[in-house]
>>> print(open('data.txt').read())   # compact mmCIF, C-alpha atoms and all ligand atoms
# COMPACT_ATOMS: atom_id res chain seq x y z
CA MET D 1 -186.04 209.72 45.37
CA ARG D 2 -183.15 207.57 46.49
CA ILE D 3 -183.53 203.85 47.07
CA LEU D 4 -181.04 201.75 49.00
CA ILE D 5 -180.83 198.13 47.86
CA VAL D 6 -179.47 195.83 50.57
CA GLU D 7 -178.73 192.59 48.75
CA ASP D 8 -175.76 190.23 48.80
CA GLU D 9 -176.63 188.43 45.56
CA THR D 10 -174.60 190.62 43.24
CA ASN D 11 -176.47 189.74 40.06
CA LEU D 12 -179.89 190.32 41.54
CA ALA D 13 -178.72 193.57 43.14
CA SER D 14 -177.42 194.94 39.86
CA VAL D 15 -180.57 193.91 37.97
CA ILE D 16 -182.70 195.78 40.51
CA GLU D 17 -180.33 198.75 40.50
CA ARG D 18 -180.40 199.03 36.70
CA GLY D 19 -184.17 198.60 36.64
CA LEU D 20 -184.75 201.31 39.21
CA LYS D 21 -182.37 203.71 37.52
CA GLY D 22 -184.21 203.04 34.27
CA GLN D 23 -187.35 204.28 36.02
CA GLY D 24 -185.66 207.49 37.09
CA TYR D 25 -184.89 206.51 40.68
CA GLN D 26 -181.52 207.00 42.25
CA ALA D 27 -180.32 203.65 43.51
CA SER D 28 -177.38 202.45 45.59
CA VAL D 29 -176.39 198.93 46.57
CA VAL D 30 -174.81 197.63 49.76
CA GLU D 31 -174.21 193.96 50.44
CA SER D 32 -174.33 193.65 54.21
CA GLY D 33 -176.39 194.70 57.19
CA GLU D 34 -173.55 196.71 58.68
CA ASP D 35 -173.14 198.67 55.47
CA ALA D 36 -176.90 199.27 55.30
CA VAL D 37 -176.93 200.80 58.78
CA LEU D 38 -173.89 202.91 58.02
CA PHE D 39 -175.40 204.10 54.74
CA VAL D 40 -178.66 205.15 56.37
CA CYS D 41 -176.69 206.99 59.07
CA THR D 42 -174.68 208.99 56.59
CA GLU D 43 -176.64 209.35 53.34
CA PRO D 44 -180.09 210.59 52.46
CA VAL D 45 -182.30 207.58 51.70
CA ASP D 46 -186.01 207.61 50.92
CA LEU D 47 -186.74 203.90 50.79
CA VAL D 48 -184.92 200.65 51.55
CA LEU D 49 -185.22 197.26 49.86
CA LEU D 50 -183.90 194.93 52.50
CA ASP D 51 -182.96 191.32 51.81
CA ILE D 52 -183.83 189.16 54.78
CA GLY D 53 -180.93 186.72 54.27
CA LEU D 54 -177.74 188.75 54.60
CA PRO D 55 -174.24 187.38 55.13
CA ASP D 56 -173.44 189.21 58.35
CA ARG D 57 -176.71 189.82 60.13
CA ASP D 58 -180.29 188.71 59.91
CA GLY D 59 -182.34 191.13 57.83
CA GLN D 60 -184.89 191.42 60.61
CA GLU D 61 -182.25 192.62 63.05
CA VAL D 62 -181.11 195.14 60.48
CA LEU D 63 -184.71 196.27 60.07
CA ALA D 64 -185.04 196.86 63.80
CA GLU D 65 -181.84 198.90 63.74
CA LEU D 66 -182.98 200.98 60.77
CA ARG D 67 -186.26 201.64 62.56
CA ARG D 68 -184.40 202.93 65.59
CA LEU D 69 -182.48 205.31 63.34
CA ARG D 70 -185.33 206.48 61.14
CA ARG D 71 -188.80 205.62 62.28
CA ASP D 72 -190.45 206.95 59.14
CA LEU D 73 -188.13 205.35 56.57
CA PRO D 74 -190.14 203.08 54.24
CA VAL D 75 -188.71 199.56 54.16
CA ILE D 76 -189.68 196.70 51.87
CA MET D 77 -188.35 193.33 53.00
CA VAL D 78 -187.19 191.06 50.21
CA THR D 79 -187.50 187.47 51.30
CA ALA D 80 -186.78 184.11 49.75
CA ARG D 81 -188.45 182.46 52.69
CA ASP D 82 -192.04 182.29 51.70
CA ASP D 83 -193.17 181.29 55.14
CA MET D 84 -195.62 183.20 57.22
CA PRO D 85 -193.62 183.41 60.48
CA SER D 86 -190.81 185.44 58.93
CA LYS D 87 -193.27 187.72 57.15
CA ILE D 88 -195.24 188.34 60.30
CA GLY D 89 -192.00 188.86 62.17
CA ALA D 90 -190.90 191.44 59.61
CA LEU D 91 -194.18 193.31 59.75
CA ASP D 92 -194.11 193.25 63.55
CA ARG D 93 -190.69 194.80 63.48
CA GLY D 94 -191.91 197.63 61.35
CA ALA D 95 -191.46 196.60 57.72
CA ASP D 96 -193.93 198.48 55.57
CA ASP D 97 -194.23 195.71 53.01
CA TYR D 98 -192.49 192.58 51.81
CA ILE D 99 -191.96 190.89 48.49
CA THR D 100 -190.98 187.28 47.88
CA LYS D 101 -188.20 186.20 45.54
CA PRO D 102 -188.40 185.60 42.67
CA PHE D 103 -190.55 188.65 42.03
CA ASN D 104 -191.84 190.45 39.02
CA PHE D 105 -190.13 193.80 38.58
CA ASP D 106 -193.40 195.59 37.80
CA GLU D 107 -194.80 194.33 41.07
CA LEU D 108 -191.80 195.74 42.90
CA LEU D 109 -192.29 199.10 41.18
CA ALA D 110 -195.98 199.14 42.11
CA ARG D 111 -195.13 198.48 45.74
CA ILE D 112 -192.50 201.21 45.76
CA ARG D 113 -195.00 203.67 44.30
CA ALA D 114 -197.69 202.72 46.81
CA LEU D 115 -195.29 203.07 49.69
CA THR D 116 -193.86 206.41 48.62
CA ARG D 117 -197.37 207.78 48.14
CA ARG D 118 -198.17 206.78 51.70
CA ALA D 119 -194.90 208.22 52.96
CA ASP D 120 -195.47 211.48 51.08
CA GLN D 121 -198.91 211.88 52.57
CA ALA D 122 -197.68 211.17 56.06
CA GLN D 123 -194.72 213.45 55.51
CA ALA D 124 -196.89 216.27 54.31
CA ALA D 125 -198.80 216.44 57.55
CA THR D 126 -196.86 215.81 60.74
CA ILE D 127 -193.75 214.34 62.24
CA ALA D 128 -194.42 213.02 65.71
CA TRP D 129 -192.74 211.13 68.48
CA ARG D 130 -193.95 210.60 71.98
CA GLY D 131 -193.91 214.04 73.56
CA LEU D 132 -192.91 215.97 70.44
CA ARG D 133 -195.20 216.76 67.52
CA ILE D 134 -194.36 218.92 64.53
CA ASP D 135 -197.10 220.06 62.17
CA LEU D 136 -195.39 220.73 58.87
CA LEU D 137 -198.35 222.46 57.27
CA SER D 138 -199.15 224.98 59.97
CA HIS D 139 -195.56 225.13 61.30
CA ARG D 140 -196.71 224.52 64.84
CA VAL D 141 -194.86 222.47 67.44
CA TRP D 142 -195.99 220.79 70.62
CA ARG D 143 -193.83 219.47 73.45
CA ASP D 144 -196.07 217.18 75.46
CA GLU D 145 -199.36 219.06 75.53
CA ASP D 146 -197.84 222.53 75.34
CA GLU D 147 -197.48 224.41 72.13
CA VAL D 148 -193.99 225.87 71.65
CA THR D 149 -193.60 229.05 69.65
CA LEU D 150 -190.68 228.97 67.26
CA SER D 151 -189.36 231.59 64.87
CA ARG D 152 -189.33 230.73 61.18
CA ARG D 153 -185.65 229.87 61.27
CA GLU D 154 -185.96 227.82 64.44
CA PHE D 155 -188.78 225.87 62.85
CA ALA D 156 -186.78 225.25 59.68
CA LEU D 157 -183.86 223.97 61.75
CA LEU D 158 -186.10 221.71 63.83
CA GLU D 159 -187.76 220.35 60.69
CA TYR D 160 -184.37 219.54 59.17
CA PHE D 161 -183.29 217.72 62.33
CA ALA D 162 -186.63 215.91 62.55
CA ARG D 163 -186.33 214.68 58.98
CA ASN D 164 -182.88 213.27 59.78
CA PRO D 165 -183.12 211.73 63.23
CA GLY D 166 -180.10 209.84 64.51
CA ARG D 167 -177.84 211.22 61.81
CA LEU D 168 -174.72 213.23 62.37
CA LEU D 169 -175.29 216.54 60.61
CA SER D 170 -172.31 218.80 60.09
CA ARG D 171 -172.59 222.56 60.51
CA GLN D 172 -172.00 222.90 56.77
CA GLN D 173 -174.86 220.53 55.97
CA ILE D 174 -177.15 222.38 58.35
CA LEU D 175 -176.17 225.77 56.93
CA ALA D 176 -176.73 224.58 53.38
CA ALA D 177 -180.12 223.06 54.20
CA VAL D 178 -181.57 225.63 56.59
CA TRP D 179 -179.82 228.84 55.64
CA GLU D 180 -179.57 227.75 52.01
CA TYR D 181 -176.06 228.91 51.44
CA ASP D 182 -172.62 227.49 51.82
CA PHE D 183 -171.03 229.53 54.49
CA GLU D 184 -167.30 229.93 54.10
CA GLY D 185 -165.26 230.25 57.23
CA GLU D 186 -166.35 230.43 60.81
CA SER D 187 -169.92 230.94 61.79
CA ASN D 188 -171.56 230.13 65.06
CA VAL D 189 -175.07 230.77 63.79
CA VAL D 190 -175.92 227.05 63.88
CA ASP D 191 -174.71 226.75 67.47
CA VAL D 192 -176.75 229.78 68.46
CA TYR D 193 -179.93 228.37 66.93
CA VAL D 194 -179.39 224.91 68.39
CA ARG D 195 -179.16 226.65 71.77
CA TYR D 196 -182.47 228.37 71.09
CA LEU D 197 -184.10 225.02 70.27
CA ARG D 198 -182.62 223.41 73.36
CA ASN D 199 -183.98 226.19 75.54
CA LYS D 200 -187.44 225.82 74.07
CA LEU D 201 -187.72 222.06 73.64
CA ASP D 202 -185.46 220.20 76.07
CA ARG D 203 -186.86 219.02 79.36
CA SER D 204 -184.87 219.59 82.49
CA LEU D 205 -183.36 216.39 83.90
CA GLU D 206 -183.49 214.67 80.50
CA PRO D 207 -180.76 214.45 77.86
CA SER D 208 -180.96 217.12 75.19
CA LEU D 209 -182.74 216.28 71.94
CA PHE D 210 -179.74 217.82 70.19
CA THR D 211 -176.43 216.13 70.89
CA THR D 212 -173.24 218.03 70.16
CA ILE D 213 -170.71 215.86 68.33
CA ARG D 214 -167.47 217.63 69.11
CA GLY D 215 -165.66 218.91 66.08
CA SER D 216 -168.34 217.54 63.74
CA GLY D 217 -171.81 218.90 64.25
CA TYR D 218 -175.05 217.78 65.82
CA ARG D 219 -177.30 214.77 66.05
CA PHE D 220 -181.02 214.94 66.74
CA ASP D 221 -182.23 212.16 69.03
CA PRO D 222 -186.01 211.95 69.17
CA PRO D 223 -187.60 211.55 72.59
CA PRO D 224 -187.33 207.90 73.64
CA PRO D 225 -190.58 205.91 73.72
CA GLY D 226 -192.05 205.13 77.12
CA CA D 301 -179.36 187.04 50.44
>>> encode(input="data.txt", output="structure tokens", more="lines below")
Ligand code: CA
Amino acid sequence: MRILIVEDETNLASVIERGLKGQGYQASVVESGEDAVLFVCTEPVDLVLLDIGLPDRDGQEVLAELRRLRRDLPVIMVTARDDMPSKIGALDRGADDYITKPFNFDELLARIRALTRRADQAQAATIAWRGLRIDLLSHRVWRDEDEVTLSRREFALLEYFARNPGRLLSRQQILAAVWEYDFEGESNVVDVYVRYLRNKLDRSLEPSLFTTIRGSGYRFDPPPPG
């Protein structure tokens, strides 16, 4: 369980970081909105504590950006502004919860636990976007209304992509996660399986769900809303 702390007050950030580590969480700190977005693009993160007053960008803008990258990522807004408009704004933009500074550390822990329980339950069942639904229990997949039959390996690859939408995933990362070994040297097995998924899941006339990043790997882009 890895928590990203986005907080420009260095003392507060390190108190939270130490506290979370003391509870057995992995914790990392970034101090700006740009760094938060970059971190979520490149590192596995399970929950974000997001300060609303950041030096470079408004926390609510950062929240919207994080939501575009990872719709299911739990985010707790940390706000010093104890006024309703900013709270409502944050919840409208997809924050899962908020906490007002100064806060009691036990309260923060309780909120983190509540949120991760919810996320675990949701995660256990399905991952869905408009037009693409993945049932993680029965390993069934639907594109629009039609069920798509995938092999075990195809499903595992799709699940890995779906758990990391918007992230650049290298062939090595994909091999390690889906084939569960570090493949030395050249292998085109990932490319072959991405082609299988494209054939089964992409719609003609629409961009592929799986973007090739030349020389690097692939990025899964969920179907756009609307
Ligand atoms: Ca701040």
>>> closest_residue(input="data.txt", among="D:Phe210, D:Lys101, D:Pro165, D:Gly53", to="D:Arg67", atoms="only C-alpha atoms")
D:Pro165
>>> residues_near_ligand(input="data.txt", ligand="ligand CA 301 (chain D)", cutoff="10 Å", atoms="all atoms listed in the file", output="ChimeraX atom specification")
/D:6-10,12-13,31-32,50-55,58-59,78-80
>>> atom_distance(input="data.txt", atom1="atom CA of D:Arg163", atom2="atom CA of D:Leu108")
25.4 Å
>>> axis_aligned_box(input="data.txt", around="stretch 9-19 of chain D", padding_each_side="8 Å", output="JSON")
{"center_x": -179.4, "center_y": 193.7, "center_z": 41.1, "size_x": 25.6, "size_y": 26.6, "size_z": 24.9}
>>> atom_distance(input="data.txt", atom1="atom CA of D:Leu66", atom2="atom CA of D:Leu136")
23.4 Å
>>> atom_distance(input="data.txt", atom1="atom CA of D:Leu137", atom2="atom CA of D:Arg113")
23.1 Å
>>> decode(input="data.txt", residues="stretch 186-198 of chain D", atoms="all heavy atoms", output="PDB file, in the first residue's frame")
ATOM      1  N   GLU D 186      15.701 -10.046 -26.531  1.00  0.00           N
ATOM      2  CA  GLU D 186      14.595  -9.633 -27.379  1.00  0.00           C
ATOM      3  C   GLU D 186      13.425 -10.601 -27.269  1.00  0.00           C
ATOM      4  O   GLU D 186      13.593 -11.806 -27.304  1.00  0.00           O
ATOM      5  CB  GLU D 186      15.047  -9.579 -28.843  1.00  0.00           C
ATOM      6  CG  GLU D 186      16.038  -8.473 -29.144  1.00  0.00           C
ATOM      7  CD  GLU D 186      15.448  -7.092 -28.925  1.00  0.00           C
ATOM      8  OE1 GLU D 186      14.345  -6.828 -29.437  1.00  0.00           O
ATOM      9  OE2 GLU D 186      16.089  -6.288 -28.226  1.00  0.00           O
ATOM     10  N   SER D 187      12.265 -10.059 -27.105  1.00  0.00           N
ATOM     11  CA  SER D 187      11.079 -10.887 -27.176  1.00  0.00           C
ATOM     12  C   SER D 187       9.966 -10.033 -27.749  1.00  0.00           C
ATOM     13  O   SER D 187       9.817  -8.886 -27.356  1.00  0.00           O
ATOM     14  CB  SER D 187      10.659 -11.375 -25.795  1.00  0.00           C
ATOM     15  OG  SER D 187       9.344 -11.892 -25.869  1.00  0.00           O
ATOM     16  N   ASN D 188       9.226 -10.581 -28.677  1.00  0.00           N
ATOM     17  CA  ASN D 188       8.107  -9.805 -29.196  1.00  0.00           C
ATOM     18  C   ASN D 188       6.772 -10.325 -28.670  1.00  0.00           C
ATOM     19  O   ASN D 188       5.726  -9.994 -29.184  1.00  0.00           O
ATOM     20  CB  ASN D 188       8.116  -9.774 -30.719  1.00  0.00           C
ATOM     21  CG  ASN D 188       7.842 -11.148 -31.307  1.00  0.00           C
ATOM     22  OD1 ASN D 188       7.842 -12.155 -30.582  1.00  0.00           O
ATOM     23  ND2 ASN D 188       7.596 -11.200 -32.600  1.00  0.00           N
ATOM     24  N   VAL D 189       6.843 -11.121 -27.587  1.00  0.00           N
ATOM     25  CA  VAL D 189       5.612 -11.722 -27.088  1.00  0.00           C
ATOM     26  C   VAL D 189       4.604 -10.652 -26.635  1.00  0.00           C
ATOM     27  O   VAL D 189       3.408 -10.770 -26.870  1.00  0.00           O
ATOM     28  CB  VAL D 189       5.913 -12.752 -25.963  1.00  0.00           C
ATOM     29  CG1 VAL D 189       6.479 -12.089 -24.730  1.00  0.00           C
ATOM     30  CG2 VAL D 189       4.678 -13.547 -25.598  1.00  0.00           C
ATOM     31  N   VAL D 190       5.104  -9.564 -26.038  1.00  0.00           N
ATOM     32  CA  VAL D 190       4.201  -8.499 -25.603  1.00  0.00           C
ATOM     33  C   VAL D 190       3.507  -7.871 -26.815  1.00  0.00           C
ATOM     34  O   VAL D 190       2.288  -7.676 -26.824  1.00  0.00           O
ATOM     35  CB  VAL D 190       4.967  -7.423 -24.802  1.00  0.00           C
ATOM     36  CG1 VAL D 190       4.077  -6.212 -24.531  1.00  0.00           C
ATOM     37  CG2 VAL D 190       5.478  -8.005 -23.493  1.00  0.00           C
ATOM     38  N   ASP D 191       4.303  -7.594 -27.856  1.00  0.00           N
ATOM     39  CA  ASP D 191       3.727  -6.983 -29.059  1.00  0.00           C
ATOM     40  C   ASP D 191       2.667  -7.887 -29.686  1.00  0.00           C
ATOM     41  O   ASP D 191       1.622  -7.429 -30.145  1.00  0.00           O
ATOM     42  CB  ASP D 191       4.836  -6.693 -30.081  1.00  0.00           C
ATOM     43  CG  ASP D 191       5.974  -5.922 -29.436  1.00  0.00           C
ATOM     44  OD1 ASP D 191       5.903  -4.688 -29.419  1.00  0.00           O
ATOM     45  OD2 ASP D 191       6.903  -6.567 -28.909  1.00  0.00           O
ATOM     46  N   VAL D 192       2.954  -9.172 -29.680  1.00  0.00           N
ATOM     47  CA  VAL D 192       2.004 -10.130 -30.255  1.00  0.00           C
ATOM     48  C   VAL D 192       0.683 -10.098 -29.476  1.00  0.00           C
ATOM     49  O   VAL D 192      -0.396 -10.021 -30.071  1.00  0.00           O
ATOM     50  CB  VAL D 192       2.607 -11.554 -30.233  1.00  0.00           C
ATOM     51  CG1 VAL D 192       1.549 -12.596 -30.560  1.00  0.00           C
ATOM     52  CG2 VAL D 192       3.772 -11.639 -31.209  1.00  0.00           C
ATOM     53  N   TYR D 193       0.788 -10.089 -28.144  1.00  0.00           N
ATOM     54  CA  TYR D 193      -0.437 -10.121 -27.340  1.00  0.00           C
ATOM     55  C   TYR D 193      -1.189  -8.798 -27.366  1.00  0.00           C
ATOM     56  O   TYR D 193      -2.412  -8.777 -27.294  1.00  0.00           O
ATOM     57  CB  TYR D 193      -0.131 -10.576 -25.901  1.00  0.00           C
ATOM     58  CG  TYR D 193      -0.198 -12.076 -25.804  1.00  0.00           C
ATOM     59  CD1 TYR D 193       0.868 -12.868 -26.209  1.00  0.00           C
ATOM     60  CD2 TYR D 193      -1.352 -12.712 -25.366  1.00  0.00           C
ATOM     61  CE1 TYR D 193       0.797 -14.242 -26.162  1.00  0.00           C
ATOM     62  CE2 TYR D 193      -1.435 -14.099 -25.321  1.00  0.00           C
ATOM     63  CZ  TYR D 193      -0.359 -14.854 -25.716  1.00  0.00           C
ATOM     64  OH  TYR D 193      -0.443 -16.218 -25.681  1.00  0.00           O
ATOM     65  N   VAL D 194      -0.451  -7.690 -27.467  1.00  0.00           N
ATOM     66  CA  VAL D 194      -1.144  -6.404 -27.617  1.00  0.00           C
ATOM     67  C   VAL D 194      -1.926  -6.410 -28.932  1.00  0.00           C
ATOM     68  O   VAL D 194      -3.059  -5.932 -29.001  1.00  0.00           O
ATOM     69  CB  VAL D 194      -0.146  -5.222 -27.559  1.00  0.00           C
ATOM     70  CG1 VAL D 194      -0.816  -3.920 -28.000  1.00  0.00           C
ATOM     71  CG2 VAL D 194       0.405  -5.072 -26.144  1.00  0.00           C
ATOM     72  N   ARG D 195      -1.336  -7.021 -29.961  1.00  0.00           N
ATOM     73  CA  ARG D 195      -2.053  -7.105 -31.245  1.00  0.00           C
ATOM     74  C   ARG D 195      -3.337  -7.933 -31.080  1.00  0.00           C
ATOM     75  O   ARG D 195      -4.381  -7.574 -31.597  1.00  0.00           O
ATOM     76  CB  ARG D 195      -1.132  -7.698 -32.305  1.00  0.00           C
ATOM     77  CG  ARG D 195      -1.619  -7.466 -33.731  1.00  0.00           C
ATOM     78  CD  ARG D 195      -0.471  -7.501 -34.734  1.00  0.00           C
ATOM     79  NE  ARG D 195       0.162  -8.807 -34.790  1.00  0.00           N
ATOM     80  CZ  ARG D 195       1.471  -9.027 -34.605  1.00  0.00           C
ATOM     81  NH1 ARG D 195       2.278  -8.019 -34.346  1.00  0.00           N
ATOM     82  NH2 ARG D 195       1.963 -10.239 -34.680  1.00  0.00           N
ATOM     83  N   TYR D 196      -3.231  -9.022 -30.346  1.00  0.00           N
ATOM     84  CA  TYR D 196      -4.447  -9.824 -30.104  1.00  0.00           C
ATOM     85  C   TYR D 196      -5.532  -8.974 -29.437  1.00  0.00           C
ATOM     86  O   TYR D 196      -6.695  -9.012 -29.823  1.00  0.00           O
ATOM     87  CB  TYR D 196      -4.147 -11.019 -29.188  1.00  0.00           C
ATOM     88  CG  TYR D 196      -3.270 -12.092 -29.767  1.00  0.00           C
ATOM     89  CD1 TYR D 196      -2.591 -12.959 -28.918  1.00  0.00           C
ATOM     90  CD2 TYR D 196      -3.129 -12.259 -31.148  1.00  0.00           C
ATOM     91  CE1 TYR D 196      -1.774 -13.965 -29.419  1.00  0.00           C
ATOM     92  CE2 TYR D 196      -2.312 -13.257 -31.658  1.00  0.00           C
ATOM     93  CZ  TYR D 196      -1.628 -14.106 -30.788  1.00  0.00           C
ATOM     94  OH  TYR D 196      -0.822 -15.088 -31.279  1.00  0.00           O
ATOM     95  N   LEU D 197      -5.118  -8.220 -28.399  1.00  0.00           N
ATOM     96  CA  LEU D 197      -6.113  -7.399 -27.678  1.00  0.00           C
ATOM     97  C   LEU D 197      -6.704  -6.327 -28.592  1.00  0.00           C
ATOM     98  O   LEU D 197      -7.900  -6.049 -28.550  1.00  0.00           O
ATOM     99  CB  LEU D 197      -5.480  -6.745 -26.443  1.00  0.00           C
ATOM    100  CG  LEU D 197      -5.153  -7.664 -25.268  1.00  0.00           C
ATOM    101  CD1 LEU D 197      -4.606  -6.843 -24.091  1.00  0.00           C
ATOM    102  CD2 LEU D 197      -6.377  -8.464 -24.801  1.00  0.00           C
ATOM    103  N   ARG D 198      -5.831  -5.727 -29.415  1.00  0.00           N
ATOM    104  CA  ARG D 198      -6.354  -4.712 -30.338  1.00  0.00           C
ATOM    105  C   ARG D 198      -7.394  -5.311 -31.273  1.00  0.00           C
ATOM    106  O   ARG D 198      -8.451  -4.729 -31.510  1.00  0.00           O
ATOM    107  CB  ARG D 198      -5.210  -4.121 -31.174  1.00  0.00           C
ATOM    108  CG  ARG D 198      -4.394  -3.094 -30.428  1.00  0.00           C
ATOM    109  CD  ARG D 198      -3.274  -2.585 -31.305  1.00  0.00           C
ATOM    110  NE  ARG D 198      -2.543  -1.512 -30.651  1.00  0.00           N
ATOM    111  CZ  ARG D 198      -1.264  -1.258 -30.872  1.00  0.00           C
ATOM    112  NH1 ARG D 198      -0.572  -1.987 -31.730  1.00  0.00           N
ATOM    113  NH2 ARG D 198      -0.684  -0.261 -30.242  1.00  0.00           N
TER     114      ARG D 198
END
